[in-house]
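Note: the block below is structure-v2.pdb and it holds PDB, C-alpha atoms.
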MODEL        1
ATOM      1  CA  MET W   1      25.864  -0.590   5.001  1.00  0.00           C
ATOM      2  CA  PRO W   2      25.752  -1.271   1.246  1.00  0.00           C
ATOM      3  CA  VAL W   3      26.158   1.836  -0.894  1.00  0.00           C
ATOM      4  CA  VAL W   4      24.587   2.102  -4.355  1.00  0.00           C
ATOM      5  CA  ASP W   5      24.713   4.811  -6.994  1.00  0.00           C
ATOM      6  CA  VAL W   6      21.727   7.086  -7.556  1.00  0.00           C
ATOM      7  CA  LEU W   7      20.965   7.612 -11.235  1.00  0.00           C
ATOM      8  CA  ASN W   8      18.823  10.109 -13.044  1.00  0.00           C
ATOM      9  CA  LEU W   9      16.426   9.105 -15.810  1.00  0.00           C
ATOM     10  CA  ASP W  10      19.244   9.538 -18.373  1.00  0.00           C
ATOM     11  CA  GLY W  11      21.258   6.795 -16.656  1.00  0.00           C
ATOM     12  CA  LYS W  12      23.886   9.181 -15.294  1.00  0.00           C
ATOM     13  CA  LYS W  13      25.181   9.039 -11.723  1.00  0.00           C
ATOM     14  CA  VAL W  14      24.025  11.957  -9.586  1.00  0.00           C
ATOM     15  CA  GLY W  15      24.942  10.691  -6.124  1.00  0.00           C
ATOM     16  CA  GLN W  16      25.021   7.756  -3.732  1.00  0.00           C
ATOM     17  CA  VAL W  17      22.713   6.381  -1.080  1.00  0.00           C
ATOM     18  CA  GLU W  18      23.314   4.034   1.837  1.00  0.00           C
ATOM     19  CA  LEU W  19      20.940   1.095   2.181  1.00  0.00           C
ATOM     20  CA  ALA W  20      20.011  -0.395   5.526  1.00  0.00           C
ATOM     21  CA  ASP W  21      21.645  -3.740   6.300  1.00  0.00           C
ATOM     22  CA  ALA W  22      18.486  -5.066   7.960  1.00  0.00           C
ATOM     23  CA  ILE W  23      16.480  -4.673   4.728  1.00  0.00           C
ATOM     24  CA  PHE W  24      18.915  -4.873   1.807  1.00  0.00           C
ATOM     25  CA  GLY W  25      21.653  -6.945   3.462  1.00  0.00           C
ATOM     26  CA  ALA W  26      19.566  -9.567   5.252  1.00  0.00           C
ATOM     27  CA  LYS W  27      20.142 -13.292   4.936  1.00  0.00           C
ATOM     28  CA  VAL W  28      18.079 -14.683   2.068  1.00  0.00           C
ATOM     29  CA  ASN W  29      15.528 -17.166   3.386  1.00  0.00           C
ATOM     30  CA  GLN W  30      14.498 -19.408   0.500  1.00  0.00           C
ATOM     31  CA  HIS W  31      11.702 -21.006   2.510  1.00  0.00           C
ATOM     32  CA  LEU W  32      10.060 -17.638   3.176  1.00  0.00           C
ATOM     33  CA  LEU W  33      10.351 -16.704  -0.488  1.00  0.00           C
ATOM     34  CA  HIS W  34       8.675 -19.964  -1.487  1.00  0.00           C
ATOM     35  CA  GLU W  35       5.847 -19.540   1.032  1.00  0.00           C
ATOM     36  CA  ALA W  36       5.212 -15.925   0.020  1.00  0.00           C
ATOM     37  CA  SER W  37       5.158 -16.711  -3.707  1.00  0.00           C
ATOM     38  CA  ARG W  38       2.866 -19.700  -3.131  1.00  0.00           C
ATOM     39  CA  TRP W  39       0.527 -17.550  -1.022  1.00  0.00           C
ATOM     40  CA  TYR W  40       0.458 -14.869  -3.727  1.00  0.00           C
ATOM     41  CA  LEU W  41      -0.210 -17.280  -6.593  1.00  0.00           C
ATOM     42  CA  ARG W  42      -2.986 -19.080  -4.720  1.00  0.00           C
ATOM     43  CA  GLY W  43      -4.670 -15.756  -4.097  1.00  0.00           C
ATOM     44  CA  LEU W  44      -4.725 -15.132  -7.863  1.00  0.00           C
ATOM     45  CA  ARG W  45      -6.696 -18.297  -8.618  1.00  0.00           C
ATOM     46  CA  ALA W  46     -10.306 -17.669  -9.554  1.00  0.00           C
ATOM     47  CA  GLY W  47     -11.577 -20.979  -8.208  1.00  0.00           C
ATOM     48  CA  THR W  48     -14.525 -21.052 -10.640  1.00  0.00           C
ATOM     49  CA  HIS W  49     -13.909 -24.603 -11.922  1.00  0.00           C
ATOM     50  CA  LYS W  50     -16.851 -26.978 -11.719  1.00  0.00           C
ATOM     51  CA  THR W  51     -18.066 -30.284 -13.160  1.00  0.00           C
ATOM     52  CA  LYS W  52     -21.606 -31.636 -13.299  1.00  0.00           C
ATOM     53  CA  ASP W  53     -22.582 -34.462 -11.030  1.00  0.00           C
ATOM     54  CA  LYS W  54     -25.253 -37.120 -11.602  1.00  0.00           C
ATOM     55  CA  SER W  55     -28.111 -34.789 -10.704  1.00  0.00           C
ATOM     56  CA  GLU W  56     -27.016 -32.041 -13.113  1.00  0.00           C
ATOM     57  CA  VAL W  57     -26.350 -33.823 -16.414  1.00  0.00           C
ATOM     58  CA  SER W  58     -29.121 -34.250 -18.986  1.00  0.00           C
ATOM     59  CA  GLY W  59     -30.986 -37.521 -19.259  1.00  0.00           C
ATOM     60  CA  ALA W  60     -34.183 -39.228 -18.187  1.00  0.00           C
ATOM     61  CA  GLY W  61     -34.575 -40.630 -14.734  1.00  0.00           C
ATOM     62  CA  ARG W  62     -36.394 -43.817 -15.647  1.00  0.00           C
ATOM     63  CA  LYS W  63     -34.953 -47.268 -15.072  1.00  0.00           C
ATOM     64  CA  LEU W  64     -33.605 -48.595 -18.383  1.00  0.00           C
ATOM     65  CA  TRP W  65     -34.590 -52.249 -17.873  1.00  0.00           C
ATOM     66  CA  ARG W  66     -35.925 -54.392 -15.115  1.00  0.00           C
ATOM     67  CA  GLN W  67     -33.729 -55.338 -12.204  1.00  0.00           C
ATOM     68  CA  LYS W  68     -33.632 -59.123 -12.710  1.00  0.00           C
ATOM     69  CA  GLY W  69     -34.075 -61.651 -15.445  1.00  0.00           C
ATOM     70  CA  THR W  70     -32.305 -59.974 -18.358  1.00  0.00           C
ATOM     71  CA  GLY W  71     -28.811 -61.347 -17.761  1.00  0.00           C
ATOM     72  CA  ARG W  72     -27.354 -57.848 -17.877  1.00  0.00           C
ATOM     73  CA  ALA W  73     -25.933 -55.764 -15.091  1.00  0.00           C
ATOM     74  CA  ARG W  74     -28.451 -53.862 -13.070  1.00  0.00           C
ATOM     75  CA  VAL W  75     -28.662 -50.151 -13.884  1.00  0.00           C
ATOM     76  CA  GLY W  76     -30.892 -47.486 -12.424  1.00  0.00           C
ATOM     77  CA  SER W  77     -30.182 -44.356 -14.503  1.00  0.00           C
ATOM     78  CA  ILE W  78     -28.669 -43.290 -17.792  1.00  0.00           C
ATOM     79  CA  ARG W  79     -26.935 -40.476 -15.894  1.00  0.00           C
ATOM     80  CA  SER W  80     -24.758 -42.898 -13.930  1.00  0.00           C
ATOM     81  CA  PRO W  81     -21.063 -41.921 -13.685  1.00  0.00           C
ATOM     82  CA  LEU W  82     -20.210 -45.328 -15.196  1.00  0.00           C
ATOM     83  CA  TRP W  83     -21.904 -44.414 -18.460  1.00  0.00           C
ATOM     84  CA  ARG W  84     -20.787 -42.100 -21.248  1.00  0.00           C
ATOM     85  CA  HIS W  85     -22.134 -38.567 -20.770  1.00  0.00           C
ATOM     86  CA  GLY W  86     -22.899 -39.430 -17.178  1.00  0.00           C
ATOM     87  CA  GLY W  87     -22.153 -37.317 -14.149  1.00  0.00           C
ATOM     88  CA  THR W  88     -18.674 -36.787 -12.669  1.00  0.00           C
ATOM     89  CA  VAL W  89     -17.842 -38.149  -9.247  1.00  0.00           C
ATOM     90  CA  HIS W  90     -15.727 -36.051  -6.875  1.00  0.00           C
ATOM     91  CA  GLY W  91     -15.081 -33.403  -9.516  1.00  0.00           C
ATOM     92  CA  PRO W  92     -13.823 -29.870  -8.744  1.00  0.00           C
ATOM     93  CA  ARG W  93     -16.238 -27.467  -7.138  1.00  0.00           C
ATOM     94  CA  PRO W  94     -16.055 -23.667  -6.842  1.00  0.00           C
ATOM     95  CA  ARG W  95     -13.800 -22.731  -3.928  1.00  0.00           C
ATOM     96  CA  ASP W  96     -11.521 -20.012  -2.601  1.00  0.00           C
ATOM     97  CA  TYR W  97      -7.819 -20.948  -2.742  1.00  0.00           C
ATOM     98  CA  SER W  98      -6.537 -17.955  -0.783  1.00  0.00           C
ATOM     99  CA  TYR W  99      -5.331 -18.324   2.789  1.00  0.00           C
ATOM    100  CA  ALA W 100      -3.860 -16.088   5.466  1.00  0.00           C
ATOM    101  CA  LEU W 101      -0.119 -15.715   5.873  1.00  0.00           C
ATOM    102  CA  PRO W 102       1.374 -14.096   8.991  1.00  0.00           C
ATOM    103  CA  LYS W 103       2.480 -10.522   8.472  1.00  0.00           C
ATOM    104  CA  LYS W 104       5.947 -11.222   9.864  1.00  0.00           C
ATOM    105  CA  MET W 105       6.488 -13.898   7.218  1.00  0.00           C
ATOM    106  CA  LEU W 106       5.473 -11.515   4.435  1.00  0.00           C
ATOM    107  CA  LEU W 107       7.802  -8.785   5.679  1.00  0.00           C
ATOM    108  CA  GLY W 108      10.639 -11.296   6.078  1.00  0.00           C
ATOM    109  CA  ALA W 109      10.083 -12.549   2.528  1.00  0.00           C
ATOM    110  CA  LEU W 110      10.175  -8.985   1.197  1.00  0.00           C
ATOM    111  CA  ARG W 111      13.478  -8.342   2.986  1.00  0.00           C
ATOM    112  CA  SER W 112      14.898 -11.539   1.495  1.00  0.00           C
ATOM    113  CA  ALA W 113      13.707 -10.555  -1.986  1.00  0.00           C
ATOM    114  CA  LEU W 114      15.264  -7.090  -1.786  1.00  0.00           C
ATOM    115  CA  SER W 115      18.510  -8.515  -0.411  1.00  0.00           C
ATOM    116  CA  SER W 116      18.731 -11.103  -3.189  1.00  0.00           C
ATOM    117  CA  LYS W 117      18.217  -8.454  -5.883  1.00  0.00           C
ATOM    118  CA  LEU W 118      20.988  -6.318  -4.415  1.00  0.00           C
ATOM    119  CA  ALA W 119      23.337  -9.316  -4.094  1.00  0.00           C
ATOM    120  CA  GLU W 120      22.731 -10.212  -7.752  1.00  0.00           C
ATOM    121  CA  GLN W 121      23.315  -6.575  -8.808  1.00  0.00           C
ATOM    122  CA  LYS W 122      19.809  -6.313 -10.172  1.00  0.00           C
ATOM    123  CA  LEU W 123      18.762  -3.318  -8.108  1.00  0.00           C
ATOM    124  CA  LYS W 124      19.013   0.290  -9.243  1.00  0.00           C
ATOM    125  CA  VAL W 125      18.040   3.527  -7.517  1.00  0.00           C
ATOM    126  CA  VAL W 126      16.832   6.554  -9.473  1.00  0.00           C
ATOM    127  CA  ASP W 127      16.639  10.063  -8.136  1.00  0.00           C
ATOM    128  CA  ALA W 128      12.922  10.455  -8.921  1.00  0.00           C
ATOM    129  CA  TRP W 129      10.334   9.283 -11.435  1.00  0.00           C
ATOM    130  CA  THR W 130       9.743  12.759 -12.833  1.00  0.00           C
ATOM    131  CA  LEU W 131       8.317  11.929 -16.251  1.00  0.00           C
ATOM    132  CA  ASP W 132       7.344  14.811 -18.513  1.00  0.00           C
ATOM    133  CA  THR W 133       4.736  12.794 -20.348  1.00  0.00           C
ATOM    134  CA  HIS W 134       2.624   9.678 -19.990  1.00  0.00           C
ATOM    135  CA  LYS W 135       3.713   8.338 -23.384  1.00  0.00           C
ATOM    136  CA  THR W 136       5.014   4.770 -23.406  1.00  0.00           C
ATOM    137  CA  LYS W 137       7.783   5.553 -25.913  1.00  0.00           C
ATOM    138  CA  SER W 138       9.418   7.997 -23.509  1.00  0.00           C
ATOM    139  CA  LEU W 139       9.512   5.433 -20.678  1.00  0.00           C
ATOM    140  CA  VAL W 140      10.905   2.748 -22.980  1.00  0.00           C
ATOM    141  CA  GLU W 141      13.816   5.041 -23.871  1.00  0.00           C
ATOM    142  CA  THR W 142      14.385   5.737 -20.172  1.00  0.00           C
ATOM    143  CA  LEU W 143      14.473   2.027 -19.298  1.00  0.00           C
ATOM    144  CA  GLU W 144      16.963   1.369 -22.088  1.00  0.00           C
ATOM    145  CA  LYS W 145      19.261   3.972 -20.514  1.00  0.00           C
ATOM    146  CA  LEU W 146      18.906   2.112 -17.206  1.00  0.00           C
ATOM    147  CA  ASN W 147      20.029  -1.150 -18.893  1.00  0.00           C
ATOM    148  CA  ARG W 148      16.769  -3.091 -18.742  1.00  0.00           C
ATOM    149  CA  THR W 149      17.303  -6.585 -20.155  1.00  0.00           C
ATOM    150  CA  LYS W 150      14.250  -8.806 -19.687  1.00  0.00           C
ATOM    151  CA  SER W 151      11.705  -7.406 -17.289  1.00  0.00           C
ATOM    152  CA  ALA W 152      11.638  -4.612 -14.739  1.00  0.00           C
ATOM    153  CA  LEU W 153       9.732  -3.693 -11.614  1.00  0.00           C
ATOM    154  CA  LEU W 154       9.326   0.039 -11.024  1.00  0.00           C
ATOM    155  CA  VAL W 155       8.763   1.227  -7.461  1.00  0.00           C
ATOM    156  CA  ALA W 156       7.761   4.812  -6.666  1.00  0.00           C
ATOM    157  CA  HIS W 157       6.622   6.458  -3.474  1.00  0.00           C
ATOM    158  CA  GLY W 158       3.273   8.164  -3.701  1.00  0.00           C
ATOM    159  CA  GLU W 159       0.997   8.593  -6.701  1.00  0.00           C
ATOM    160  CA  ASN W 160       2.629   9.031 -10.094  1.00  0.00           C
ATOM    161  CA  ARG W 161       0.016   9.102 -12.825  1.00  0.00           C
ATOM    162  CA  ASN W 162       2.452   9.522 -15.719  1.00  0.00           C
ATOM    163  CA  LEU W 163       4.491   6.508 -14.592  1.00  0.00           C
ATOM    164  CA  GLU W 164       1.372   4.378 -14.180  1.00  0.00           C
ATOM    165  CA  LEU W 165       0.021   5.206 -17.644  1.00  0.00           C
ATOM    166  CA  ALA W 166       3.378   4.921 -19.406  1.00  0.00           C
ATOM    167  CA  SER W 167       4.298   1.536 -17.900  1.00  0.00           C
ATOM    168  CA  ARG W 168       1.057  -0.395 -18.209  1.00  0.00           C
ATOM    169  CA  ASN W 169       1.454  -1.090 -21.943  1.00  0.00           C
ATOM    170  CA  ILE W 170       5.083  -2.302 -21.812  1.00  0.00           C
ATOM    171  CA  TYR W 171       5.458  -6.073 -21.786  1.00  0.00           C
ATOM    172  CA  GLY W 172       7.468  -7.251 -18.792  1.00  0.00           C
ATOM    173  CA  VAL W 173       7.284  -3.948 -16.914  1.00  0.00           C
ATOM    174  CA  LYS W 174       5.096  -3.809 -13.817  1.00  0.00           C
ATOM    175  CA  LEU W 175       4.545  -1.751 -10.724  1.00  0.00           C
ATOM    176  CA  TYR W 176       4.312  -4.909  -8.558  1.00  0.00           C
ATOM    177  CA  ASP W 177       5.957  -8.329  -7.944  1.00  0.00           C
ATOM    178  CA  VAL W 178       9.584  -8.259  -6.749  1.00  0.00           C
ATOM    179  CA  LEU W 179      10.685 -11.837  -7.487  1.00  0.00           C
ATOM    180  CA  LYS W 180       9.132 -12.133 -10.929  1.00  0.00           C
ATOM    181  CA  HIS W 181      11.199  -9.436 -12.629  1.00  0.00           C
ATOM    182  CA  ASP W 182      14.848  -9.383 -13.591  1.00  0.00           C
ATOM    183  CA  LEU W 183      15.543  -5.732 -12.717  1.00  0.00           C
ATOM    184  CA  LEU W 184      14.271  -3.797  -9.696  1.00  0.00           C
ATOM    185  CA  VAL W 185      14.285   0.000 -10.040  1.00  0.00           C
ATOM    186  CA  LEU W 186      13.508   2.013  -6.910  1.00  0.00           C
ATOM    187  CA  SER W 187      13.121   5.724  -6.480  1.00  0.00           C
ATOM    188  CA  LYS W 188      15.160   7.407  -3.750  1.00  0.00           C
ATOM    189  CA  ASP W 189      11.982   8.204  -1.803  1.00  0.00           C
ATOM    190  CA  ALA W 190      10.845   4.582  -2.076  1.00  0.00           C
ATOM    191  CA  VAL W 191      14.167   3.408  -0.599  1.00  0.00           C
ATOM    192  CA  ALA W 192      13.705   5.687   2.389  1.00  0.00           C
ATOM    193  CA  ARG W 193      10.129   4.502   2.833  1.00  0.00           C
ATOM    194  CA  LEU W 194      11.122   0.825   2.645  1.00  0.00           C
ATOM    195  CA  SER W 195      13.963   1.342   5.111  1.00  0.00           C
ATOM    196  CA  HIS W 196      11.528   2.786   7.627  1.00  0.00           C
ATOM    197  CA  THR W 197       8.685   0.325   7.048  1.00  0.00           C
ATOM    198  CA  LEU W 198      10.678  -2.932   6.886  1.00  0.00           C
ATOM    199  CA  ASP W 199      13.084  -2.226   9.722  1.00  0.00           C
ATOM    200  CA  PRO W 200      12.686  -5.264  12.055  1.00  0.00           C
ATOM    201  CA  GLU W 201      13.973  -3.291  15.039  1.00  0.00           C
ATOM    202  CA  LYS W 202      11.763  -0.314  14.409  1.00  0.00           C
ATOM    203  CA  LYS W 203      10.720   1.145  17.724  1.00  0.00           C
ATOM    204  CA  PRO W 204       7.056   1.904  18.114  1.00  0.00           C
ATOM    205  CA  VAL W 205       6.070   5.507  18.222  1.00  0.00           C
ATOM    206  CA  VAL W 206       5.862   6.559  21.848  1.00  0.00           C
ATOM    207  CA  VAL W 207       2.869   8.675  22.578  1.00  0.00           C
ATOM    208  CA  PRO W 208       3.793  11.414  25.040  1.00  0.00           C
ATOM    209  CA  ASP W 209       2.108  11.229  28.391  1.00  0.00           C
ATOM    210  CA  VAL W 210      -0.696  13.654  28.907  1.00  0.00           C
ATOM    211  CA  ALA W 211      -0.630  15.432  32.243  1.00  0.00           C
ATOM    212  CA  THR W 212      -3.753  14.987  34.260  1.00  0.00           C
ATOM    213  CA  ILE W 213      -5.775  18.129  34.161  1.00  0.00           C
ATOM    214  CA  ALA W 214      -7.601  18.970  37.363  1.00  0.00           C
ATOM    215  CA  PRO W 215     -11.292  19.546  36.818  1.00  0.00           C
ATOM    216  CA  ALA W 216     -12.282  23.160  36.792  1.00  0.00           C
ATOM    217  CA  ALA W 217     -13.822  24.448  40.011  1.00  0.00           C
ATOM    218  CA  LYS W 218     -17.538  24.784  39.840  1.00  0.00           C
ATOM    219  CA  PRO W 219     -18.757  28.377  40.099  1.00  0.00           C
ATOM    220  CA  ALA W 220     -20.151  29.206  43.532  1.00  0.00           C
ATOM    221  CA  LYS W 221     -23.883  29.456  43.642  1.00  0.00           C
ATOM    222  CA  LYS W 222     -25.187  32.858  44.461  1.00  0.00           C
ATOM    223  CA  GLU W 223     -27.028  32.884  47.756  1.00  0.00           C
ATOM    224  CA  ALA W 224     -30.507  34.196  47.440  1.00  0.00           C
ATOM    225  CA  ALA W 225     -31.145  37.324  49.465  1.00  0.00           C
ATOM    226  CA  PRO W 226     -33.324  36.529  52.493  1.00  0.00           C
ATOM    227  CA  LYS W 227     -36.819  37.610  51.846  1.00  0.00           C
ATOM    228  CA  ALA W 228     -38.537  39.705  54.494  1.00  0.00           C
ATOM    229  CA  ALA W 229     -41.156  37.659  56.169  1.00  0.00           C
ATOM    230  CA  ALA W 230     -44.483  39.087  55.229  1.00  0.00           C
ATOM    231  CA  LYS W 231     -46.566  39.770  58.263  1.00  0.00           C
ATOM    232  CA  LYS W 232     -49.907  38.137  58.018  1.00  0.00           C
ATOM    233  CA  PRO W 233     -52.781  40.311  59.273  1.00  0.00           C
ATOM    234  CA  ALA W 234     -54.100  39.000  62.512  1.00  0.00           C
ATOM    235  CA  VAL W 235     -57.494  37.453  62.057  1.00  0.00           C
ATOM    236  CA  LYS W 236     -59.759  37.968  64.984  1.00  0.00           C
ATOM    237  CA  LYS W 237     -61.973  35.053  65.654  1.00  0.00           C
ATOM    238  CA  ALA W 238     -65.564  35.894  66.345  1.00  0.00           C
ATOM    239  CA  ALA W 239     -66.599  35.136  69.892  1.00  0.00           C
ATOM    240  CA  LYS W 240     -68.961  32.229  70.179  1.00  0.00           C
ATOM    241  CA  PRO W 241     -72.325  33.052  71.844  1.00  0.00           C
ATOM    242  CA  ALA W 242     -72.469  31.797  75.344  1.00  0.00           C
ATOM    243  CA  LYS W 243     -74.831  28.930  75.876  1.00  0.00           C
ATOM    244  CA  LYS W 244     -77.666  29.546  78.303  1.00  0.00           C
ATOM    245  CA  LYS W 245     -78.058  27.088  81.014  1.00  0.00           C
ATOM    246  CA  GLY W 246     -81.491  25.877  81.935  1.00  0.00           C
ATOM    247  CA  LYS W 247     -84.339  23.993  80.426  1.00  0.00           C
ATOM    248  CA  GLY W 248     -84.976  24.836  76.921  1.00  0.00           C
TER     249      GLY W 248
ENDMDL
END

Just dump the structure as structure tokens.
Amino acid sequence: MPVVDVLNLDGKKVGQVELADAIFGAKVNQHLLHEASRWYLRGLRAGTHKTKDKSEVSGAGRKLWRQKGTGRARVGSIRSPLWRHGGTVHGPRPRDYSYALPKKMLLGALRSALSSKLAEQKLKVVDAWTLDTHKTKSLVETLEKLNRTKSALLVAHGENRNLELASRNIYGVKLYDVLKHDLLVLSKDAVARLSHTLDPEKKPVVVPDVATIAPAAKPAKKEAAPKAAAKKPAVKKAAKPAKKKGKG
């Protein structure tokens, strides 16, 4: 594993850190770097360009002269693309230049970019971006102690408001874009985060199996006490009067 020195913000060595071979010692793939940079630049294009066609330029729509008999070429409109101030044929139209790039290609390009910076000795690791103030002057002095030459990319893990405010007014210093800058400065926490995120052999997190829980037994229903059968009072039927036989 490559070993680099860890510096404090005064440029003094305070320790060392080992970098993962899979991220900072990978083979540099120039094709992936080209594809990733092309994808990034195309995504930055606004795509708002537009020219006017024949129906959008100013001018009357009448026929300038009759079709035959004048000896001149036939013409139907002053807005013809053949004429001065006429419309434009097949001109640019508003469009979106961005396109999708596979995630594996992006991660591979980032590994190649980090490896190339380390191979060219343009990568530094600082202990932490603990800035006391958000003033730009203080960060400029810090970068001079870290031997910044042309441009620098600062990488920090988590939110760092002082670093964001202090770096946004310095020409050539950004919090993004690895390939564009001459010097790459990572915090120690950012190195650990990159080593975990960009590891190509990173094993997925295994979710522990959950034991099947038997459903709780339903409470037994209470049996209703048998009700005593109420004795119905015997109803005596009235005796029907006997019919008399004989002639009525």

* Picked residues, the PyMOL selection byres ((chain W and resi 172-186) around 7), expected as JSON, numbers by chain -> {"W": [113, 122, 123, 124, 125, 126, 148, 150, 151, 152, 153, 154, 155, 156, 167, 168, 170, 171, 187, 188, 190, 191]}

* Report the distance between CA of His90 (chain W) and CA of Lys50 (chain W) in Å, rounded to one decimal place. =>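 So the answer is 10.3 Å.
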
* **Given the PyMOL selection byres ((chain W and resi 134-143) around 6), the residues it picks as a list in words** => Leu9, Thr133, Glu144, Lys145, Leu146, Arg148, Asn162, Leu165 and Ala166 of chain W

For the selection just defined, write its residues with C-alpha atoms to a file, as a PDB file, in the frame of the given file.
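Done, and the output landed in part.pdb:
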ATOM      1  CA  LEU W   9      16.426   9.105 -15.810  1.00  0.00           C
ATOM      2  CA  THR W 133       4.736  12.794 -20.348  1.00  0.00           C
ATOM      3  CA  GLU W 144      16.963   1.369 -22.088  1.00  0.00           C
ATOM      4  CA  LYS W 145      19.261   3.972 -20.514  1.00  0.00           C
ATOM      5  CA  LEU W 146      18.906   2.112 -17.206  1.00  0.00           C
ATOM      6  CA  ARG W 148      16.769  -3.091 -18.742  1.00  0.00           C
ATOM      7  CA  ASN W 162       2.452   9.522 -15.719  1.00  0.00           C
ATOM      8  CA  LEU W 165       0.021   5.206 -17.644  1.00  0.00           C
ATOM      9  CA  ALA W 166       3.378   4.921 -19.406  1.00  0.00           C
TER      10      ALA W 166
END

* To do: In Å, rounded to a single decimal, give me how far CA of Arg161 (chain W) is from CA of Leu7 (chain W).
  =>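 Taking CA of Leu7 (chain W) as the start and CA of Arg161 (chain W) as the end point, the length is 21.1 Å.
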
* To do: Would you list the contacts of Gly15 (chain W) as an NGL selection string, taking every protein, DNA or RNA residue within 9 Å and counting all atoms listed in the file, but skipping same-chain residues closer than 5 positions in sequence?
  => :W and (4-7 or 127)

Report, as JSON, the centre and edge lengths in Å (one decimal) of the axis-aligned box enclosing every listed atom of region 139-154 of chain W, padded by 3 Å on each side.
{"center_x": 14.7, "center_y": -1.5, "center_z": -17.4, "size_x": 16.7, "size_y": 20.5, "size_z": 18.8}

* **Which residue of W:Met1, W:Ala20, W:Ala119, W:Ala46 approaches Leu198 (chain W) most closely, using all atoms listed in the file** => W:Ala20

* Asked: Just how far from CA of Asp96 (chain W) is CA of Thr48 (chain W), in Å to one decimal?
  ->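 A separation of 8.6 Å between them.
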
* To do: Might you pull out every residue within 10 Å of region 58-69 of chain W, with only C-alpha atoms counted and same-chain residues fewer than 6 positions away left off, and present them as a list in words?
  =>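 Skipping anything fewer than 6 positions along the chain leaves Lys52, Val75, Gly76, Ser77, Ile78, Arg79, Ser80, His85, Gly86 and Gly87 of chain W.
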
When the PyMOL selection byres ((chain W and resi 106) around 12) is applied to the structure above, which residues does it catch, written out as a PDB file with C-alpha atoms, in the frame of the given file?
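After the write, part.pdb holds the following:
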ATOM      1  CA  ASN W  29      15.528 -17.166   3.386  1.00  0.00           C
ATOM      2  CA  HIS W  31      11.702 -21.006   2.510  1.00  0.00           C
ATOM      3  CA  LEU W  32      10.060 -17.638   3.176  1.00  0.00           C
ATOM      4  CA  LEU W  33      10.351 -16.704  -0.488  1.00  0.00           C
ATOM      5  CA  HIS W  34       8.675 -19.964  -1.487  1.00  0.00           C
ATOM      6  CA  GLU W  35       5.847 -19.540   1.032  1.00  0.00           C
ATOM      7  CA  ALA W  36       5.212 -15.925   0.020  1.00  0.00           C
ATOM      8  CA  SER W  37       5.158 -16.711  -3.707  1.00  0.00           C
ATOM      9  CA  ARG W  38       2.866 -19.700  -3.131  1.00  0.00           C
ATOM     10  CA  TRP W  39       0.527 -17.550  -1.022  1.00  0.00           C
ATOM     11  CA  TYR W  40       0.458 -14.869  -3.727  1.00  0.00           C
ATOM     12  CA  ALA W 100      -3.860 -16.088   5.466  1.00  0.00           C
ATOM     13  CA  LEU W 101      -0.119 -15.715   5.873  1.00  0.00           C
ATOM     14  CA  PRO W 102       1.374 -14.096   8.991  1.00  0.00           C
ATOM     15  CA  LYS W 103       2.480 -10.522   8.472  1.00  0.00           C
ATOM     16  CA  LYS W 104       5.947 -11.222   9.864  1.00  0.00           C
ATOM     17  CA  MET W 105       6.488 -13.898   7.218  1.00  0.00           C
ATOM     18  CA  LEU W 107       7.802  -8.785   5.679  1.00  0.00           C
ATOM     19  CA  GLY W 108      10.639 -11.296   6.078  1.00  0.00           C
ATOM     20  CA  ALA W 109      10.083 -12.549   2.528  1.00  0.00           C
ATOM     21  CA  LEU W 110      10.175  -8.985   1.197  1.00  0.00           C
ATOM     22  CA  ARG W 111      13.478  -8.342   2.986  1.00  0.00           C
ATOM     23  CA  SER W 112      14.898 -11.539   1.495  1.00  0.00           C
ATOM     24  CA  ALA W 113      13.707 -10.555  -1.986  1.00  0.00           C
ATOM     25  CA  LEU W 198      10.678  -2.932   6.886  1.00  0.00           C
TER      26      LEU W 198
END

Starting from the sparse input, extend region 72-80 of chain W to N, CA and C atoms and give the output as a short mmCIF file (atom, residue, chain, number, x, y, z; two decimals), in the frame of the given file.
data_model
loop_
_atom_site.label_atom_id
_atom_site.label_comp_id
_atom_site.auth_asym_id
_atom_site.auth_seq_id
_atom_site.Cartn_x
_atom_site.Cartn_y
_atom_site.Cartn_z
N ARG W 72 -28.27 -58.99 -17.83
CA ARG W 72 -27.35 -57.85 -17.88
C ARG W 72 -27.18 -57.26 -16.48
N ALA W 73 -26.18 -56.41 -16.38
CA ALA W 73 -25.93 -55.76 -15.09
C ALA W 73 -27.08 -54.82 -14.76
N ARG W 74 -27.38 -54.75 -13.49
CA ARG W 74 -28.45 -53.86 -13.07
C ARG W 74 -28.03 -52.40 -13.26
N VAL W 75 -28.93 -51.57 -13.68
CA VAL W 75 -28.66 -50.15 -13.88
C VAL W 75 -29.92 -49.38 -13.51
N GLY W 76 -29.74 -48.25 -12.88
CA GLY W 76 -30.89 -47.49 -12.42
C GLY W 76 -31.11 -46.20 -13.17
N SER W 77 -30.04 -45.64 -13.84
CA SER W 77 -30.18 -44.36 -14.50
C SER W 77 -29.18 -44.23 -15.62
N ILE W 78 -29.57 -43.53 -16.66
CA ILE W 78 -28.67 -43.29 -17.79
C ILE W 78 -27.63 -42.23 -17.45
N ARG W 79 -27.86 -41.54 -16.33
CA ARG W 79 -26.94 -40.48 -15.89
C ARG W 79 -25.88 -41.00 -14.93
N SER W 80 -25.73 -42.30 -14.84
CA SER W 80 -24.76 -42.90 -13.93
C SER W 80 -23.34 -42.49 -14.31
#
